[in-house]
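Next comes structure25.txt, a file with compact mmCIF, C-alpha atoms and all ligand atoms.
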```
# COMPACT_ATOMS: atom_id res chain seq x y z
CA MET A 1486 56.27 -6.12 55.28
CA LYS A 1487 53.29 -3.94 56.02
CA TYR A 1488 50.27 -4.89 53.96
CA SER A 1489 46.95 -3.25 53.30
CA GLU A 1490 43.73 -4.88 54.54
CA PHE A 1491 43.45 -6.43 51.10
CA GLY A 1492 46.98 -7.84 51.41
CA ASN A 1493 46.42 -9.08 54.94
CA LYS A 1494 43.43 -11.05 53.78
CA PHE A 1495 45.77 -13.37 51.91
CA LEU A 1496 48.09 -13.87 54.90
CA THR A 1497 45.65 -16.23 56.56
CA ASP A 1498 45.70 -19.79 55.30
CA SER A 1499 42.67 -20.51 53.14
CA GLY A 1500 41.16 -23.96 52.66
CA ILE A 1501 41.32 -23.57 48.89
CA LEU A 1502 45.07 -22.79 49.02
CA ARG A 1503 45.75 -25.95 50.99
CA LEU A 1504 43.54 -27.98 48.71
CA MET A 1505 45.03 -26.69 45.44
CA ASP A 1506 48.56 -27.05 46.82
CA ASP A 1507 47.96 -30.67 47.80
CA LEU A 1508 46.36 -31.30 44.41
CA GLY A 1509 49.11 -29.62 42.38
CA ASN A 1510 51.89 -31.46 44.24
CA ALA A 1511 50.21 -34.84 43.94
CA MET A 1512 49.45 -34.33 40.24
CA ALA A 1513 52.99 -33.13 39.50
CA GLU A 1514 54.32 -36.41 40.88
CA GLY A 1515 51.89 -38.26 38.63
CA GLY A 1516 50.02 -39.52 41.70
CA LYS A 1517 52.96 -41.92 42.34
CA ASP A 1518 53.21 -41.39 46.02
CA MET A 1519 49.90 -39.95 47.09
CA LEU A 1520 46.44 -41.44 46.64
CA MET A 1521 44.81 -38.23 45.52
CA LEU A 1522 41.17 -38.40 46.51
CA GLY A 1523 41.16 -34.80 47.60
CA GLY A 1524 41.13 -32.42 44.65
CA GLY A 1525 38.57 -31.31 42.14
CA ASN A 1526 40.55 -32.42 39.11
CA PRO A 1527 38.37 -33.89 36.39
CA ALA A 1528 39.27 -37.37 35.16
CA HIS A 1529 41.54 -37.85 32.18
CA ILE A 1530 39.07 -39.35 29.70
CA PRO A 1531 40.98 -40.84 26.75
CA GLU A 1532 38.32 -40.03 24.08
CA ILE A 1533 38.11 -36.44 25.27
CA GLU A 1534 41.88 -36.07 25.36
CA THR A 1535 42.06 -37.43 21.79
CA LEU A 1536 39.52 -34.83 20.66
CA PHE A 1537 41.49 -31.95 22.17
CA ARG A 1538 44.85 -33.36 21.04
CA SER A 1539 43.73 -33.49 17.42
CA ARG A 1540 42.27 -30.01 17.69
CA ILE A 1541 45.64 -28.71 18.98
CA GLU A 1542 47.35 -30.40 16.04
CA GLU A 1543 44.88 -28.74 13.68
CA ILE A 1544 45.58 -25.33 15.25
CA VAL A 1545 49.35 -25.80 15.16
CA ASN A 1546 49.28 -26.94 11.54
CA ASN A 1547 47.10 -24.08 10.45
CA LYS A 1548 49.55 -21.20 10.29
CA ASN A 1549 47.13 -18.34 10.75
CA GLU A 1550 45.08 -19.96 13.44
CA PHE A 1551 48.03 -20.75 15.70
CA GLU A 1552 49.37 -17.20 15.43
CA CYS A 1553 45.95 -15.75 16.25
CA VAL A 1554 45.24 -18.04 19.22
CA VAL A 1555 48.52 -17.47 21.03
CA GLY A 1556 49.58 -14.15 19.55
CA ASN A 1557 46.51 -11.91 19.93
CA TYR A 1558 44.50 -10.60 22.87
CA ASP A 1559 40.78 -11.28 22.66
CA THR A 1560 38.31 -8.53 23.56
CA PRO A 1561 37.53 -8.23 27.29
CA ARG A 1562 34.26 -10.09 26.63
CA GLY A 1563 36.12 -13.06 25.15
CA GLU A 1564 36.40 -14.79 21.81
CA LYS A 1565 33.61 -13.61 19.51
CA TYR A 1566 32.86 -16.80 17.55
CA PHE A 1567 32.82 -19.03 20.60
CA ILE A 1568 30.37 -16.67 22.30
CA HIS A 1569 28.21 -16.54 19.19
CA TYR A 1570 28.02 -20.35 18.89
CA LEU A 1571 27.31 -20.75 22.59
CA ALA A 1572 24.48 -18.21 22.45
CA GLU A 1573 23.01 -20.04 19.46
CA MET A 1574 23.28 -23.40 21.21
CA LEU A 1575 21.62 -22.18 24.42
CA SER A 1576 18.75 -20.48 22.59
CA GLU A 1577 18.14 -23.42 20.22
CA ASN A 1578 18.31 -26.12 22.86
CA PHE A 1579 16.65 -24.43 25.83
CA GLY A 1580 14.60 -21.65 24.21
CA TRP A 1581 16.41 -19.01 26.29
CA LYS A 1582 16.54 -15.49 24.83
CA VAL A 1583 20.33 -15.37 24.96
CA GLY A 1584 22.51 -13.44 22.53
CA PRO A 1585 26.24 -12.66 22.57
CA GLU A 1586 25.41 -9.60 24.70
CA ASN A 1587 24.37 -12.01 27.47
CA ILE A 1588 27.69 -13.86 27.61
CA ALA A 1589 31.18 -13.05 28.88
CA LEU A 1590 34.19 -15.27 29.44
CA THR A 1591 36.53 -15.11 32.43
CA ASN A 1592 39.83 -16.69 33.39
CA GLY A 1593 38.16 -19.66 35.06
CA SER A 1594 34.83 -19.53 36.84
CA GLN A 1595 36.65 -19.11 40.17
CA THR A 1596 37.56 -15.61 38.95
CA ALA A 1597 33.94 -15.06 37.92
CA PHE A 1598 32.85 -15.70 41.52
CA PHE A 1599 35.37 -13.17 42.80
CA TYR A 1600 33.85 -10.61 40.42
CA LEU A 1601 30.22 -11.49 41.06
CA PHE A 1602 30.33 -11.81 44.83
CA ASN A 1603 32.25 -8.58 45.36
CA MET A 1604 30.15 -6.76 42.81
CA PHE A 1605 26.97 -7.46 44.79
CA ALA A 1606 28.02 -8.02 48.41
CA GLY A 1607 30.30 -5.96 50.66
CA VAL A 1608 29.86 -2.38 51.74
CA HIS A 1609 27.20 -0.44 49.80
CA LYS A 1610 26.95 3.34 49.37
CA SER A 1611 24.47 3.48 52.26
CA GLY A 1612 27.16 2.02 54.52
CA GLN A 1613 25.26 -1.24 54.80
CA GLN A 1614 27.32 -4.44 54.62
CA LYS A 1615 25.55 -6.84 52.26
CA LYS A 1616 26.01 -10.59 52.03
CA ILE A 1617 25.74 -13.54 49.69
CA LEU A 1618 23.13 -16.08 50.75
CA LEU A 1619 24.15 -19.70 50.26
CA PRO A 1620 20.78 -21.36 50.82
CA LEU A 1621 22.13 -24.89 51.08
CA ALA A 1622 25.09 -25.84 53.25
CA PRO A 1623 27.47 -27.59 52.66
CA GLU A 1624 28.65 -25.49 49.73
CA TYR A 1625 31.78 -25.08 47.57
CA ILE A 1626 35.02 -24.40 49.50
CA GLY A 1627 36.22 -22.06 46.75
CA TYR A 1628 33.60 -19.44 47.66
CA SER A 1629 34.80 -19.13 51.28
CA ASP A 1630 37.65 -16.69 50.84
CA VAL A 1631 36.74 -14.62 47.79
CA GLY A 1632 34.88 -11.89 49.69
CA LEU A 1633 36.90 -8.71 50.18
CA THR A 1634 35.15 -7.91 53.46
CA ASP A 1635 34.54 -10.07 56.51
CA ASP A 1636 31.24 -11.69 57.33
CA PHE A 1637 30.47 -12.11 53.65
CA PHE A 1638 28.21 -15.18 53.55
CA THR A 1639 25.16 -16.37 55.34
CA THR A 1640 23.68 -19.85 55.33
CA PHE A 1641 21.39 -22.18 57.27
CA LYS A 1642 21.50 -25.74 58.47
CA PRO A 1643 19.89 -27.92 55.78
CA ASP A 1644 17.12 -30.46 56.20
CA ILE A 1645 18.41 -34.02 55.93
CA SER A 1646 16.39 -36.89 54.53
CA HIS A 1647 17.54 -40.48 54.94
CA LEU A 1648 17.23 -42.70 51.86
CA ASP A 1649 17.75 -46.39 51.01
CA ASN A 1650 21.21 -47.96 51.18
CA LYS A 1651 22.25 -45.63 54.01
CA MET A 1652 22.23 -42.70 51.62
CA PHE A 1653 21.02 -39.28 52.64
CA LYS A 1654 20.19 -36.01 50.89
CA TYR A 1655 20.43 -32.39 52.00
CA GLN A 1656 17.48 -30.13 51.23
CA VAL A 1657 17.05 -26.39 51.51
CA ASN A 1658 15.47 -25.55 54.84
CA PHE A 1659 12.97 -23.02 53.48
CA SER A 1660 11.33 -22.50 56.88
CA ASP A 1661 14.58 -21.01 58.31
CA LEU A 1662 15.59 -19.24 55.14
CA GLU A 1663 15.00 -15.56 55.53
CA ILE A 1664 15.86 -12.95 52.92
CA THR A 1665 16.47 -9.68 54.71
CA ASP A 1666 17.60 -6.50 53.01
CA GLU A 1667 21.20 -7.38 53.84
CA ILE A 1668 21.13 -10.19 51.24
CA ALA A 1669 22.64 -8.99 47.95
CA ALA A 1670 22.41 -12.22 45.94
CA ILE A 1671 21.65 -15.92 46.29
CA CYS A 1672 24.15 -18.52 45.09
CA VAL A 1673 24.01 -22.30 44.72
CA SER A 1674 26.24 -24.82 43.01
CA ARG A 1675 24.12 -27.35 41.09
CA PRO A 1676 25.39 -30.14 41.10
CA THR A 1677 26.91 -29.17 44.42
CA ASN A 1678 30.55 -29.41 45.24
CA PRO A 1679 31.21 -31.12 47.78
CA THR A 1680 28.15 -33.33 48.20
CA GLY A 1681 27.09 -34.32 44.68
CA ASN A 1682 23.64 -33.00 45.57
CA VAL A 1683 21.44 -31.63 42.81
CA LEU A 1684 18.87 -29.11 44.00
CA THR A 1685 15.46 -30.24 42.80
CA ASP A 1686 13.52 -28.26 40.18
CA ASP A 1687 11.11 -27.33 42.94
CA GLU A 1688 13.89 -25.96 45.17
CA ILE A 1689 15.32 -23.97 42.25
CA ASP A 1690 11.87 -22.59 41.34
CA LYS A 1691 11.36 -21.45 44.92
CA LEU A 1692 14.79 -19.79 45.05
CA SER A 1693 14.15 -18.16 41.70
CA ASN A 1694 10.83 -16.75 42.91
CA LEU A 1695 12.47 -15.45 46.09
CA ALA A 1696 15.13 -13.74 43.98
CA ILE A 1697 12.46 -12.07 41.82
CA GLN A 1698 10.43 -11.07 44.86
CA HIS A 1699 13.45 -9.46 46.54
CA LYS A 1700 14.92 -8.05 43.29
CA ILE A 1701 18.25 -9.79 43.75
CA PRO A 1702 20.11 -12.12 41.39
CA LEU A 1703 20.15 -15.89 41.72
CA ILE A 1704 23.60 -17.19 40.79
CA ILE A 1705 23.64 -20.81 39.66
CA ASP A 1706 27.07 -22.41 39.50
CA ASN A 1707 26.74 -24.98 36.74
CA ALA A 1708 30.40 -26.10 36.69
CA TYR A 1709 29.31 -29.77 36.51
CA GLY A 1710 25.83 -29.41 35.02
CA THR A 1711 24.08 -29.53 31.66
CA PRO A 1712 24.57 -29.13 28.76
CA PHE A 1713 28.30 -29.53 29.40
CA PRO A 1714 30.16 -31.27 31.01
CA ASN A 1715 26.90 -32.96 32.03
CA ILE A 1716 28.26 -34.77 35.11
CA ILE A 1717 24.75 -34.95 36.46
CA PHE A 1718 22.91 -38.20 37.16
CA THR A 1719 19.36 -36.88 37.71
CA ASN A 1720 16.88 -35.16 35.42
CA ALA A 1721 17.26 -31.59 36.55
CA LYS A 1722 15.75 -28.88 34.36
CA PRO A 1723 18.35 -26.33 33.20
CA ILE A 1724 17.17 -22.81 33.97
CA TRP A 1725 18.09 -19.27 32.98
CA ASP A 1726 16.24 -15.98 33.07
CA ARG A 1727 17.13 -12.32 33.28
CA HIS A 1728 17.48 -12.40 37.08
CA ILE A 1729 19.64 -15.55 36.93
CA VAL A 1730 23.40 -15.54 36.48
CA LEU A 1731 24.43 -18.90 35.12
CA SER A 1732 28.08 -19.78 35.56
CA MET A 1733 29.70 -22.45 33.43
CA SER A 1734 33.24 -23.63 32.87
CA LEU A 1735 35.37 -25.60 30.43
CA SER A 1736 37.33 -27.09 33.35
CA LYS A 1737 35.32 -30.21 34.12
CA LEU A 1738 35.08 -30.92 30.41
CA GLY A 1739 38.77 -31.75 30.67
CA LEU A 1740 40.33 -28.30 30.20
CA PRO A 1741 41.09 -26.99 33.72
CA GLY A 1742 44.55 -25.89 32.61
CA THR A 1743 43.08 -23.43 30.10
CA ARG A 1744 41.25 -21.44 32.83
CA THR A 1745 38.02 -20.67 31.00
CA GLY A 1746 34.85 -19.62 32.76
CA ILE A 1747 31.59 -18.55 31.09
CA LEU A 1748 28.86 -16.31 32.49
CA VAL A 1749 25.36 -16.00 31.07
CA ALA A 1750 23.39 -13.08 32.50
CA ASN A 1751 21.42 -9.99 31.58
CA GLU A 1752 23.23 -7.29 29.58
CA GLU A 1753 23.84 -5.01 32.54
CA ILE A 1754 25.62 -7.66 34.61
CA ILE A 1755 27.60 -8.90 31.61
CA GLU A 1756 28.75 -5.36 30.86
CA MET A 1757 30.09 -5.12 34.43
CA ILE A 1758 31.98 -8.40 33.98
CA VAL A 1759 33.47 -7.15 30.70
CA ARG A 1760 34.66 -3.99 32.45
CA MET A 1761 36.18 -6.00 35.29
CA ASN A 1762 37.96 -8.27 32.81
CA ALA A 1763 39.46 -5.26 31.08
CA VAL A 1764 40.74 -3.77 34.34
CA LEU A 1765 41.88 -6.96 36.04
CA SER A 1766 43.17 -9.10 33.19
CA LEU A 1767 42.75 -7.17 29.91
CA ALA A 1768 41.16 -10.17 28.24
CA PRO A 1769 40.26 -13.76 29.08
CA ASN A 1770 42.39 -16.71 28.02
CA SER A 1771 42.02 -17.64 24.32
CA VAL A 1772 43.39 -21.17 24.33
CA GLY A 1773 40.49 -23.06 25.94
CA VAL A 1774 37.90 -21.58 23.63
CA ALA A 1775 40.09 -22.29 20.60
CA LEU A 1776 40.29 -25.95 21.63
CA ALA A 1777 36.56 -26.20 22.23
CA LEU A 1778 35.42 -24.06 19.29
CA SER A 1779 34.50 -26.77 16.80
CA LEU A 1780 32.56 -28.69 19.46
CA PHE A 1781 30.48 -25.61 20.15
CA ARG A 1782 30.09 -24.58 16.49
CA SER A 1783 28.21 -27.76 15.75
CA SER A 1784 26.58 -28.15 19.19
CA GLN A 1785 28.55 -31.42 19.16
CA ILE A 1786 29.48 -30.63 22.74
CA ILE A 1787 26.01 -31.74 23.84
CA GLU A 1788 26.43 -35.21 22.30
CA VAL A 1789 30.01 -35.53 23.54
CA SER A 1790 28.90 -34.66 27.07
CA LYS A 1791 25.96 -37.10 26.95
CA LYS A 1792 27.67 -39.99 25.20
CA ILE A 1793 31.24 -39.84 26.52
CA ILE A 1794 31.50 -37.77 29.69
CA LEU A 1795 28.29 -38.78 31.47
CA PRO A 1796 28.66 -42.59 31.11
CA PHE A 1797 32.33 -42.36 32.10
CA TYR A 1798 31.49 -40.72 35.43
CA GLN A 1799 28.35 -42.82 35.98
CA ASP A 1800 30.47 -45.94 35.85
CA LYS A 1801 33.15 -44.50 38.14
CA VAL A 1802 30.75 -43.17 40.74
CA LYS A 1803 28.88 -46.47 40.91
CA LYS A 1804 32.05 -48.48 41.46
CA ALA A 1805 33.30 -46.04 44.11
CA PHE A 1806 29.93 -45.90 45.89
CA ASP A 1807 29.55 -49.70 45.95
CA LEU A 1808 33.06 -50.25 47.25
CA LEU A 1809 32.87 -47.57 49.95
CA SER A 1810 29.44 -48.77 51.12
CA SER A 1811 30.62 -52.34 51.45
CA GLU A 1812 33.86 -51.35 53.20
CA LEU A 1813 31.89 -49.32 55.74
CA GLU A 1814 29.27 -52.04 56.35
CA GLY A 1815 28.05 -52.07 59.94
CA LEU A 1816 29.25 -48.53 60.79
CA ASP A 1817 26.99 -45.53 61.37
CA CYS A 1818 28.27 -44.00 58.12
CA HIS A 1819 26.11 -42.46 55.41
CA ILE A 1820 26.94 -41.35 51.88
CA HIS A 1821 25.16 -38.42 50.27
CA LYS A 1822 23.14 -39.60 47.27
CA PRO A 1823 25.57 -39.04 44.39
CA GLU A 1824 23.50 -37.03 41.91
CA GLY A 1825 26.35 -35.30 40.09
CA ALA A 1826 29.87 -33.77 40.28
CA LEU A 1827 33.08 -35.63 41.11
CA PHE A 1828 32.69 -36.49 44.77
CA LEU A 1829 31.36 -38.83 47.41
CA TRP A 1830 30.42 -37.00 50.60
CA LEU A 1831 30.78 -39.25 53.60
CA TRP A 1832 29.01 -38.53 56.88
CA MET A 1833 30.43 -40.48 59.83
CA LYS A 1834 27.84 -40.03 62.54
CA ASP A 1835 29.26 -39.45 66.05
CA LEU A 1836 32.79 -40.11 64.84
CA PRO A 1837 34.99 -39.91 67.98
CA ILE A 1838 37.68 -37.86 66.17
CA SER A 1839 37.34 -34.69 64.12
CA ASP A 1840 37.35 -34.60 60.31
CA GLN A 1841 40.69 -32.75 60.54
CA GLU A 1842 42.25 -35.49 62.66
CA LEU A 1843 40.95 -38.10 60.21
CA TYR A 1844 42.47 -36.06 57.35
CA ASN A 1845 45.84 -36.00 59.18
CA ARG A 1846 45.78 -39.74 59.82
CA LEU A 1847 44.90 -40.40 56.19
CA LYS A 1848 47.60 -38.04 54.96
CA ASP A 1849 50.11 -40.08 57.00
CA ARG A 1850 48.88 -43.06 54.99
CA LYS A 1851 49.44 -41.11 51.78
CA THR A 1852 45.71 -40.75 51.15
CA LEU A 1853 44.33 -37.28 50.57
CA VAL A 1854 40.72 -36.28 51.16
CA VAL A 1855 39.22 -32.91 52.13
CA PRO A 1856 37.98 -32.35 55.70
CA GLY A 1857 34.28 -31.48 55.63
CA HIS A 1858 34.32 -28.43 57.92
CA TYR A 1859 35.71 -26.25 55.12
CA PHE A 1860 32.44 -26.52 53.21
CA PHE A 1861 30.16 -24.50 55.47
CA PRO A 1862 30.95 -20.87 54.59
CA GLY A 1863 28.57 -18.55 56.44
CA LEU A 1864 27.25 -21.10 58.96
CA LYS A 1865 27.76 -19.53 62.36
CA GLU A 1866 25.89 -22.05 64.49
CA GLU A 1867 27.81 -24.80 66.21
CA TRP A 1868 26.98 -28.06 64.49
CA ARG A 1869 28.85 -31.29 65.17
CA HIS A 1870 27.89 -32.55 61.71
CA LYS A 1871 30.44 -30.10 60.21
CA SER A 1872 33.32 -32.14 61.61
CA GLU A 1873 31.75 -35.53 60.89
CA CYS A 1874 32.10 -35.39 57.10
CA ILE A 1875 34.81 -35.68 54.47
CA ARG A 1876 34.82 -35.14 50.71
CA ILE A 1877 36.26 -37.94 48.58
CA THR A 1878 37.03 -37.47 44.87
CA TYR A 1879 36.41 -40.55 42.74
CA THR A 1880 37.94 -39.37 39.45
CA MET A 1881 41.41 -40.91 39.62
CA ALA A 1882 42.41 -44.25 38.09
CA GLU A 1883 40.47 -47.23 39.43
CA ASP A 1884 43.36 -48.76 41.40
CA ILE A 1885 44.08 -45.45 43.14
CA VAL A 1886 40.43 -44.93 44.06
CA GLU A 1887 40.17 -48.52 45.30
CA LYS A 1888 43.29 -48.33 47.51
CA GLY A 1889 42.26 -44.89 48.78
CA LEU A 1890 38.73 -45.95 49.68
CA LYS A 1891 40.05 -49.01 51.53
CA ASN A 1892 42.48 -46.84 53.51
CA ILE A 1893 39.65 -44.43 54.35
CA ALA A 1894 37.36 -47.23 55.55
CA ASP A 1895 40.18 -48.76 57.58
CA GLU A 1896 41.00 -45.46 59.34
CA VAL A 1897 37.31 -44.77 59.98
CA ARG A 1898 36.93 -48.22 61.59
CA LYS A 1899 39.96 -47.55 63.77
CA ALA A 1900 38.55 -44.18 64.77
CA TYR A 1901 35.26 -45.77 65.83
CA GLY A 1902 37.33 -48.41 67.68
CA VAL A 1903 35.65 -51.37 65.96
C1 LIG B 2001 31.32 -25.75 42.13
C2 LIG B 2001 32.53 -25.16 41.50
N1 LIG B 2001 32.46 -23.92 41.02
C3 LIG B 2001 33.51 -23.32 40.45
C4 LIG B 2001 34.73 -23.97 40.34
C5 LIG B 2001 35.87 -23.27 39.71
O1 LIG B 2001 36.25 -23.87 38.50
P1 LIG B 2001 37.12 -23.16 37.38
O2 LIG B 2001 37.70 -21.90 37.96
O3 LIG B 2001 38.17 -24.16 37.04
O4 LIG B 2001 36.19 -22.86 36.25
C6 LIG B 2001 34.85 -25.27 40.83
C7 LIG B 2001 36.14 -25.98 40.75
O5 LIG B 2001 36.34 -27.05 41.26
C8 LIG B 2001 33.73 -25.88 41.43
O6 LIG B 2001 33.78 -27.11 41.92
```
Reformat the file's structure so that it appears as structure tokens.
Amino acid sequence: MKYSEFGNKFLTDSGILRLMDDLGNAMAEGGKDMLMLGGGNPAHIPEIETLFRSRIEEIVNNKNEFECVVGNYDTPRGEKYFIHYLAEMLSENFGWKVGPENIALTNGSQTAFFYLFNMFAGVHKSGQQKKILLPLAPEYIGYSDVGLTDDFFTTFKPDISHLDNKMFKYQVNFSDLEITDEIAAICVSRPTNPTGNVLTDDEIDKLSNLAIQHKIPLIIDNAYGTPFPNIIFTNAKPIWDRHIVLSMSLSKLGLPGTRTGILVANEEIIEMIVRMNAVLSLAPNSVGVALALSLFRSSQIIEVSKKIILPFYQDKVKKAFDLLSSELEGLDCHIHKPEGALFLWLWMKDLPISDQELYNRLKDRKTLVVPGHYFFPGLKEEWRHKSECIRITYTMAEDIVEKGLKNIADEVRKAYGV
């Protein structure tokens, strides 16, 4: 077949394809065979599943509601009541001047990033090729391949501070960060996938001021943040303003299968998203918002996130961190301070084999992780650190996580030859 440039782009193997394929196959087998510590699947939290199960029953038993949810298209902006309740919740809780005109839904936030990135970066009328600045590497693997032109991202090596218990934390290297006129927008995930880092309020304030100064948007990917799903273990101040595009999702709340992303932005940007929805998918999915509607109507989602979701992950991350640290005792291995999201990010200093080779060896032992080098979109400099890290998901059942972490530590020891 002869494909267009657009078609050819999808002929090359992307990291996200490999990752989602591994994840889908392992999940389809119920995790029987594979210790799945590689994907971004949220945990199955029984209380949350009960909430959504009873809501489905309510919808199914309510004749009109069921017919409307599955039998009608929503508008290209998304379901009206859900958007209304969300706007109310954000203005009441955070004092943001947000109305329904500032919100649009998409088929998952992954789709929202395809829209946003290509809407700002790429070739402009002047002929200039503009880029998305990712101020803190490592950054989310899912951004890497969404740009429709090459050379789409730019980033810088981060500062690294070493903390107690052999933890470390990446920080934005503001002295290297330069915003030239080729930068179309700034984007950060907060909490960050893959590291579990949470950019500090000070870092976010500085990025926000840079965005204002250069008249470009600051996109904050809040897939794991507050007020929902609230998988965030530090006190980070939520932020939105007219130059900020805040991306949220129902996925990590426990609804990844419903593909529901949410964007909060100024009216002009939201109008563009609505137009793109209409052209590319007619309307966003209605099922996720129907399941979540009552939680948002009463702002109950905030309590549910604080009282059920947060403690669930806090407990899991602590157990995983403690076990991995003790299994790696004596090695030059460091774990990024887990401040949020679903992952432990392991840095194996001067590891004699690459992250890819470690991935292969672990896959042979039926243990899946994600090699770290995928998470540096836009970093052109050679940096050994990129192949010294892996991302480990801690959301699966305790016995799976435990076996997986022990296999990882064992292979890492072998690789160091100790
Ligand atoms: C940081 C981040 N952003 C966006 C997404 C996309 O999520 P979804 O398309 O399910 O909303 C993910 C998924 O793992 C993620 O980790």
Item to check | Site check for ligand LIG 2001 (chain B): residues at most 10 Å away, all atoms listed in the file, as an NGL selection string | outcome: :A and (1501 or 1505 or 1524-1527 or 1591-1598 or 1624-1628 or 1673-1679 or 1681 or 1705-1710 or 1732-1747 or 1826-1828)
Next on the checklist: Between atom CA of A:Tyr1798 and atom CA of A:Ile1716, what is the distance in Å, rounded to a tenth?
Outcome noted: 6.8 Å
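Nearest residue to A:Leu1765, choosing from A:Phe1599, A:Phe1653, A:Asn1547, A:Pro1714 and counting all atoms listed in the file: A:Phe1599.
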Checklist entry - Near A:Asp1840, within 8 Å and counting only C-alpha atoms, which residues show up once chain neighbours fewer than 5 positions away are dropped, as a count of residues only? => result 7
Item to check | Pairwise distance for atom CA of A:Phe1641 and atom CA of A:Asp1507, rounded to one decimal in Å | outcome: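 Distance reported for this atom pair: 29.5 Å.
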Next on the checklist: For A:Met1833, find every residue with an atom within 12 Å (counting only C-alpha atoms), except residues of its own chain fewer than 4 positions away, and show them as a ChimeraX atom specification.
Outcome noted: /A:1651-1653,1813,1815-1821,1837-1840,1843,1856-1857,1869-1876,1893-1894,1896-1898,1900-1901
Item to check | Who sits within 9 Å of A:Leu1795, only C-alpha atoms, same chain under 2 positions skipped, as a PyMOL selection string | outcome: chain A and resi 1714-1718+1789-1793+1797-1800
For those residues, write C-alpha atoms to a file as an mmCIF file, in the coordinates of the input.
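File produced: result-v2.cif:
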```cif
data_model
loop_
_atom_site.group_PDB
_atom_site.id
_atom_site.type_symbol
_atom_site.label_atom_id
_atom_site.label_comp_id
_atom_site.auth_asym_id
_atom_site.auth_seq_id
_atom_site.Cartn_x
_atom_site.Cartn_y
_atom_site.Cartn_z
ATOM 1 C CA PRO A 1714 30.160 -31.270 31.010
ATOM 2 C CA ASN A 1715 26.900 -32.960 32.030
ATOM 3 C CA ILE A 1716 28.260 -34.770 35.110
ATOM 4 C CA ILE A 1717 24.750 -34.950 36.460
ATOM 5 C CA PHE A 1718 22.910 -38.200 37.160
ATOM 6 C CA VAL A 1789 30.010 -35.530 23.540
ATOM 7 C CA SER A 1790 28.900 -34.660 27.070
ATOM 8 C CA LYS A 1791 25.960 -37.100 26.950
ATOM 9 C CA LYS A 1792 27.670 -39.990 25.200
ATOM 10 C CA ILE A 1793 31.240 -39.840 26.520
ATOM 11 C CA PHE A 1797 32.330 -42.360 32.100
ATOM 12 C CA TYR A 1798 31.490 -40.720 35.430
ATOM 13 C CA GLN A 1799 28.350 -42.820 35.980
ATOM 14 C CA ASP A 1800 30.470 -45.940 35.850
#
```
Checklist entry - What lies within 12 Å of A:Lys1615 using only C-alpha atoms, ignoring chain neighbours under 6 positions off, as a PyMOL selection string? => result chain A and resi 1602-1609+1632-1639+1664-1671+1701
Put those residues in a file: C-alpha atoms, as a CSV table (one decimal), keeping the file's coordinate frame.
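Output (part.csv):
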```csv
chain,number,residue,atom,x,y,z
A,1602,PHE,CA,30.3,-11.8,44.8
A,1603,ASN,CA,32.2,-8.6,45.4
A,1604,MET,CA,30.2,-6.8,42.8
A,1605,PHE,CA,27.0,-7.5,44.8
A,1606,ALA,CA,28.0,-8.0,48.4
A,1607,GLY,CA,30.3,-6.0,50.7
A,1608,VAL,CA,29.9,-2.4,51.7
A,1609,HIS,CA,27.2,-0.4,49.8
A,1632,GLY,CA,34.9,-11.9,49.7
A,1633,LEU,CA,36.9,-8.7,50.2
A,1634,THR,CA,35.2,-7.9,53.5
A,1635,ASP,CA,34.5,-10.1,56.5
A,1636,ASP,CA,31.2,-11.7,57.3
A,1637,PHE,CA,30.5,-12.1,53.6
A,1638,PHE,CA,28.2,-15.2,53.6
A,1639,THR,CA,25.2,-16.4,55.3
A,1664,ILE,CA,15.9,-13.0,52.9
A,1665,THR,CA,16.5,-9.7,54.7
A,1666,ASP,CA,17.6,-6.5,53.0
A,1667,GLU,CA,21.2,-7.4,53.8
A,1668,ILE,CA,21.1,-10.2,51.2
A,1669,ALA,CA,22.6,-9.0,48.0
A,1670,ALA,CA,22.4,-12.2,45.9
A,1671,ILE,CA,21.6,-15.9,46.3
A,1701,ILE,CA,18.2,-9.8,43.8
```
Checklist entry - What is the atom CA of A:Glu1887 to atom CA of A:Leu1809 distance in Å? => result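 Atom-to-atom, atom CA of A:Glu1887 to atom CA of A:Leu1809, that is 8.7 Å.
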